[in-house]
Amino acid sequence: MHYKIFFFITAFLTMSGFKLLTKSKWEITEADPTIWIKYCSDMTNITIGKNDLSSKDPLSGQTVTTETALISIAKNFNDVNSSYLRFASYPADPANPGTPEVGDSTFTAEKAKNRTIDVCFTDPSSPFQGGSASLDEAGDSIIGCTILIKKNHKKSAKDFIRTLTHELGHCSGLDHPQETRNAIMSYFSDSDEARLMIDDKMGLVYLFPKAGVDVKEQASFGLSCATK
Ligand SMILES: [Zn+2]
């Protein structure tokens, strides 16, 4: 009996779960947690052609622009319980950053130098499926990330948000957990899903744990061999 439970837990742990892309990490802390997302000039203020997001999506039924999409994607990451990572839009005028709709007001160009993710459109004939992300690393630190999104994604809010969320997951440090469907980072997630899923959130909490979160605790999934 105990052997079977042990086998089940071991099998579950080895079959599922987020994967990390790199050992490097962003130099952010819970007290200073922001990474800025900067659109290339050809991506600003574009209205996405069709809103095909599911009815449960926070932007369902609304006109979606590249700006409103970015704010809602950043909010999705920022709302992950127990993860201190904060995304904010890179200010249009870095000299007068103002208060962002998401993230915080701590922007300075100097601070953002090694904490910016660049997002650009690219030609639809590029070989990758929808988008790509490439990390810029120095030693054990991530000091930048560049995301390319196919231009034809501006025709569909679902494609745009799904792809940008996935690529921002890579920029955060997550890889593809292909054994689970409960991750926007997996190639096998439901194609109607556009937002972070439970496995992605677990990965973010692992990478950016708020104080008091014990991410090394062994998961028991409610099973225990100990007598109560
Ligand atoms: Zn990917």
# chains A, B, ... in the order shown; residues from 1 in each chain; ligands from 1
$ residues_around --residues "Ala95 of chain A" --least-positions-apart "4" --cutoff "9 Å" --atoms "only C-alpha atoms" --output "VMD selection string"
chain A and resid 91 108 to 109
$ write_last_selection --atoms "N, CA and C atoms" --output "mmCIF file, in the first residue's frame"
data_model
loop_
_atom_site.group_PDB
_atom_site.id
_atom_site.type_symbol
_atom_site.label_atom_id
_atom_site.label_comp_id
_atom_site.auth_asym_id
_atom_site.auth_seq_id
_atom_site.Cartn_x
_atom_site.Cartn_y
_atom_site.Cartn_z
ATOM 1 N N PRO A 91 7.711 53.414 -20.098
ATOM 2 C CA PRO A 91 7.025 54.685 -20.357
ATOM 3 C C PRO A 91 7.319 55.245 -21.743
ATOM 4 N N THR A 108 13.305 54.368 -13.548
ATOM 5 C CA THR A 108 14.315 55.312 -14.033
ATOM 6 C C THR A 108 14.980 54.595 -15.207
ATOM 7 N N ALA A 109 15.444 55.359 -16.177
ATOM 8 C CA ALA A 109 16.074 54.748 -17.356
ATOM 9 C C ALA A 109 17.274 53.905 -16.928
#
$ residues_near_ligand --ligand "ligand 1" --cutoff "7 Å" --atoms "only C-alpha atoms and all ligand atoms" --output "list in words"
Ser132, His166, Glu167, His170, Asp175, His176 and Met185 of chain A
$ write_last_selection --atoms "C-alpha atoms" --output "PDB file, in the first residue's frame"
ATOM      1  CA  SER A 132      10.046  33.715 -30.172  1.00  0.00           C
ATOM      2  CA  HIS A 166       3.839  32.484 -23.641  1.00  0.00           C
ATOM      3  CA  GLU A 167       6.903  34.462 -24.735  1.00  0.00           C
ATOM      4  CA  HIS A 170      10.131  32.398 -21.491  1.00  0.00           C
ATOM      5  CA  ASP A 175      10.592  26.544 -20.624  1.00  0.00           C
ATOM      6  CA  HIS A 176       8.035  24.137 -22.176  1.00  0.00           C
ATOM      7  CA  MET A 185       4.037  27.298 -21.748  1.00  0.00           C
TER       8      MET A 185
END
$ atom_distance --atom1 "atom CA of Ala133 of chain A" --atom2 "atom CA of Thr146 of chain A"
5.5 Å
$ residues_around --residues "Thr44 of chain A" --least-positions-apart "4" --cutoff "7 Å" --atoms "only C-alpha atoms" --output "ChimeraX atom specification"
/A:39,66-67
$ residues_around --residues "Leu85 of chain A" --least-positions-apart "2" --cutoff "7 Å" --atoms "only C-alpha atoms" --output "PyMOL selection string"
chain A and resi 33-34+78+83+87+208
$ residues_around --residues "Phe121 of chain A" --least-positions-apart "6" --cutoff "7 Å" --atoms "only C-alpha atoms" --output "ChimeraX atom specification"
/A:43,148-151
$ write_last_selection --atoms "C-alpha atoms" --output "compact mmCIF listing (two decimals), in the first residue's frame"
# COMPACT_ATOMS: atom_id res chain seq x y z
CA MET A 43 3.65 47.99 -32.30
CA LEU A 148 9.39 38.65 -31.78
CA ILE A 149 5.72 38.20 -32.65
CA LYS A 150 4.45 37.48 -36.12
CA LYS A 151 2.72 40.50 -37.65
$ select_by_dssp --residues "segment 26-147 of chain A" --states "strand (DSSP E)" --output "NGL selection string"
:A and (26 or 34-39 or 86-89 or 116-122 or 131-138 or 141-147)
$ write_last_selection --atoms "N, CA and C atoms" --output "mmCIF file, in the first residue's frame"
data_model
loop_
_atom_site.group_PDB
_atom_site.id
_atom_site.type_symbol
_atom_site.label_atom_id
_atom_site.label_comp_id
_atom_site.auth_asym_id
_atom_site.auth_seq_id
_atom_site.Cartn_x
_atom_site.Cartn_y
_atom_site.Cartn_z
ATOM 1 N N TRP A 26 16.786 37.172 -13.307
ATOM 2 C CA TRP A 26 16.739 38.641 -13.333
ATOM 3 C C TRP A 26 17.220 39.171 -11.982
ATOM 4 N N THR A 34 10.404 45.130 -10.374
ATOM 5 C CA THR A 34 9.800 45.439 -11.680
ATOM 6 C C THR A 34 10.711 45.170 -12.879
ATOM 7 N N ILE A 35 10.099 44.601 -13.909
ATOM 8 C CA ILE A 35 10.726 44.467 -15.227
ATOM 9 C C ILE A 35 9.813 45.215 -16.194
ATOM 10 N N TRP A 36 10.413 46.016 -17.082
ATOM 11 C CA TRP A 36 9.612 46.836 -17.988
ATOM 12 C C TRP A 36 9.496 46.188 -19.369
ATOM 13 N N ILE A 37 8.334 46.347 -19.966
ATOM 14 C CA ILE A 37 8.085 45.771 -21.289
ATOM 15 C C ILE A 37 7.952 46.922 -22.292
ATOM 16 N N LYS A 38 8.783 46.837 -23.322
ATOM 17 C CA LYS A 38 8.888 47.968 -24.264
ATOM 18 C C LYS A 38 8.534 47.491 -25.677
ATOM 19 N N TYR A 39 7.487 48.103 -26.250
ATOM 20 C CA TYR A 39 7.124 47.781 -27.624
ATOM 21 C C TYR A 39 8.045 48.497 -28.609
ATOM 22 N N ARG A 86 6.971 41.794 -11.031
ATOM 23 C CA ARG A 86 6.075 42.862 -11.496
ATOM 24 C C ARG A 86 6.445 43.252 -12.916
ATOM 25 N N PHE A 87 5.462 43.233 -13.809
ATOM 26 C CA PHE A 87 5.669 43.772 -15.153
ATOM 27 C C PHE A 87 5.014 45.135 -15.235
ATOM 28 N N ALA A 88 5.659 46.074 -15.924
ATOM 29 C CA ALA A 88 5.073 47.389 -16.181
ATOM 30 C C ALA A 88 5.399 47.774 -17.622
ATOM 31 N N SER A 89 4.563 48.643 -18.212
ATOM 32 C CA SER A 89 4.862 49.140 -19.561
ATOM 33 C C SER A 89 6.005 50.139 -19.472
ATOM 34 N N THR A 116 14.672 45.235 -19.061
ATOM 35 C CA THR A 116 13.677 45.570 -20.081
ATOM 36 C C THR A 116 13.512 44.414 -21.053
ATOM 37 N N ILE A 117 12.248 44.126 -21.371
ATOM 38 C CA ILE A 117 11.924 43.122 -22.384
ATOM 39 C C ILE A 117 11.436 43.885 -23.616
ATOM 40 N N ASP A 118 12.097 43.688 -24.739
ATOM 41 C CA ASP A 118 11.696 44.354 -25.983
ATOM 42 C C ASP A 118 10.766 43.442 -26.764
ATOM 43 N N VAL A 119 9.695 44.025 -27.293
ATOM 44 C CA VAL A 119 8.711 43.237 -28.050
ATOM 45 C C VAL A 119 8.520 43.880 -29.418
ATOM 46 N N CYS A 120 8.776 43.116 -30.463
ATOM 47 C CA CYS A 120 8.679 43.647 -31.826
ATOM 48 C C CYS A 120 7.867 42.707 -32.710
ATOM 49 N N PHE A 121 7.215 43.274 -33.723
ATOM 50 C CA PHE A 121 6.584 42.453 -34.757
ATOM 51 C C PHE A 121 7.656 41.967 -35.725
ATOM 52 N N THR A 122 7.395 40.828 -36.311
ATOM 53 C CA THR A 122 8.315 40.331 -37.327
ATOM 54 C C THR A 122 7.514 39.766 -38.495
ATOM 55 N N GLY A 131 5.684 33.127 -32.173
ATOM 56 C CA GLY A 131 6.571 34.101 -31.559
ATOM 57 C C GLY A 131 7.863 33.445 -31.147
ATOM 58 N N SER A 132 8.794 34.259 -30.700
ATOM 59 C CA SER A 132 10.046 33.715 -30.172
ATOM 60 C C SER A 132 10.546 34.648 -29.076
ATOM 61 N N ALA A 133 11.342 34.091 -28.188
ATOM 62 C CA ALA A 133 11.930 34.908 -27.126
ATOM 63 C C ALA A 133 13.391 34.532 -27.011
ATOM 64 N N SER A 134 14.258 35.517 -26.928
ATOM 65 C CA SER A 134 15.670 35.194 -26.680
ATOM 66 C C SER A 134 16.189 36.013 -25.511
ATOM 67 N N LEU A 135 16.736 35.263 -24.564
ATOM 68 C CA LEU A 135 17.248 35.886 -23.344
ATOM 69 C C LEU A 135 18.639 36.449 -23.582
ATOM 70 N N ASP A 136 18.903 37.557 -22.951
ATOM 71 C CA ASP A 136 20.246 38.140 -22.941
ATOM 72 C C ASP A 136 20.802 37.897 -21.538
ATOM 73 N N GLU A 137 21.858 37.074 -21.458
ATOM 74 C CA GLU A 137 22.385 36.702 -20.146
ATOM 75 C C GLU A 137 23.817 37.192 -19.986
ATOM 76 N N ALA A 138 24.174 37.524 -18.755
ATOM 77 C CA ALA A 138 25.557 37.880 -18.422
ATOM 78 C C ALA A 138 25.885 37.178 -17.114
ATOM 79 N N SER A 141 23.141 36.251 -14.536
ATOM 80 C CA SER A 141 22.033 37.209 -14.571
ATOM 81 C C SER A 141 21.379 37.263 -15.944
ATOM 82 N N ILE A 142 20.057 37.426 -15.932
ATOM 83 C CA ILE A 142 19.344 37.783 -17.150
ATOM 84 C C ILE A 142 19.332 39.311 -17.187
ATOM 85 N N ILE A 143 19.813 39.877 -18.290
ATOM 86 C CA ILE A 143 19.891 41.347 -18.354
ATOM 87 C C ILE A 143 19.031 41.912 -19.486
ATOM 88 N N GLY A 144 18.267 41.062 -20.135
ATOM 89 C CA GLY A 144 17.367 41.536 -21.182
ATOM 90 C C GLY A 144 16.705 40.364 -21.863
ATOM 91 N N CYS A 145 15.704 40.669 -22.691
ATOM 92 C CA CYS A 145 15.004 39.610 -23.426
ATOM 93 C C CYS A 145 14.338 40.271 -24.629
ATOM 94 N N THR A 146 14.391 39.595 -25.765
ATOM 95 C CA THR A 146 13.751 40.142 -26.970
ATOM 96 C C THR A 146 12.699 39.166 -27.470
ATOM 97 N N ILE A 147 11.490 39.685 -27.627
ATOM 98 C CA ILE A 147 10.375 38.862 -28.122
ATOM 99 C C ILE A 147 10.045 39.325 -29.539
#
$ select_by_dssp --residues "segment 155-228 of chain A" --states "helix (DSSP H, G or I)" --output "ChimeraX atom specification"
/A:155,157-172,198-207
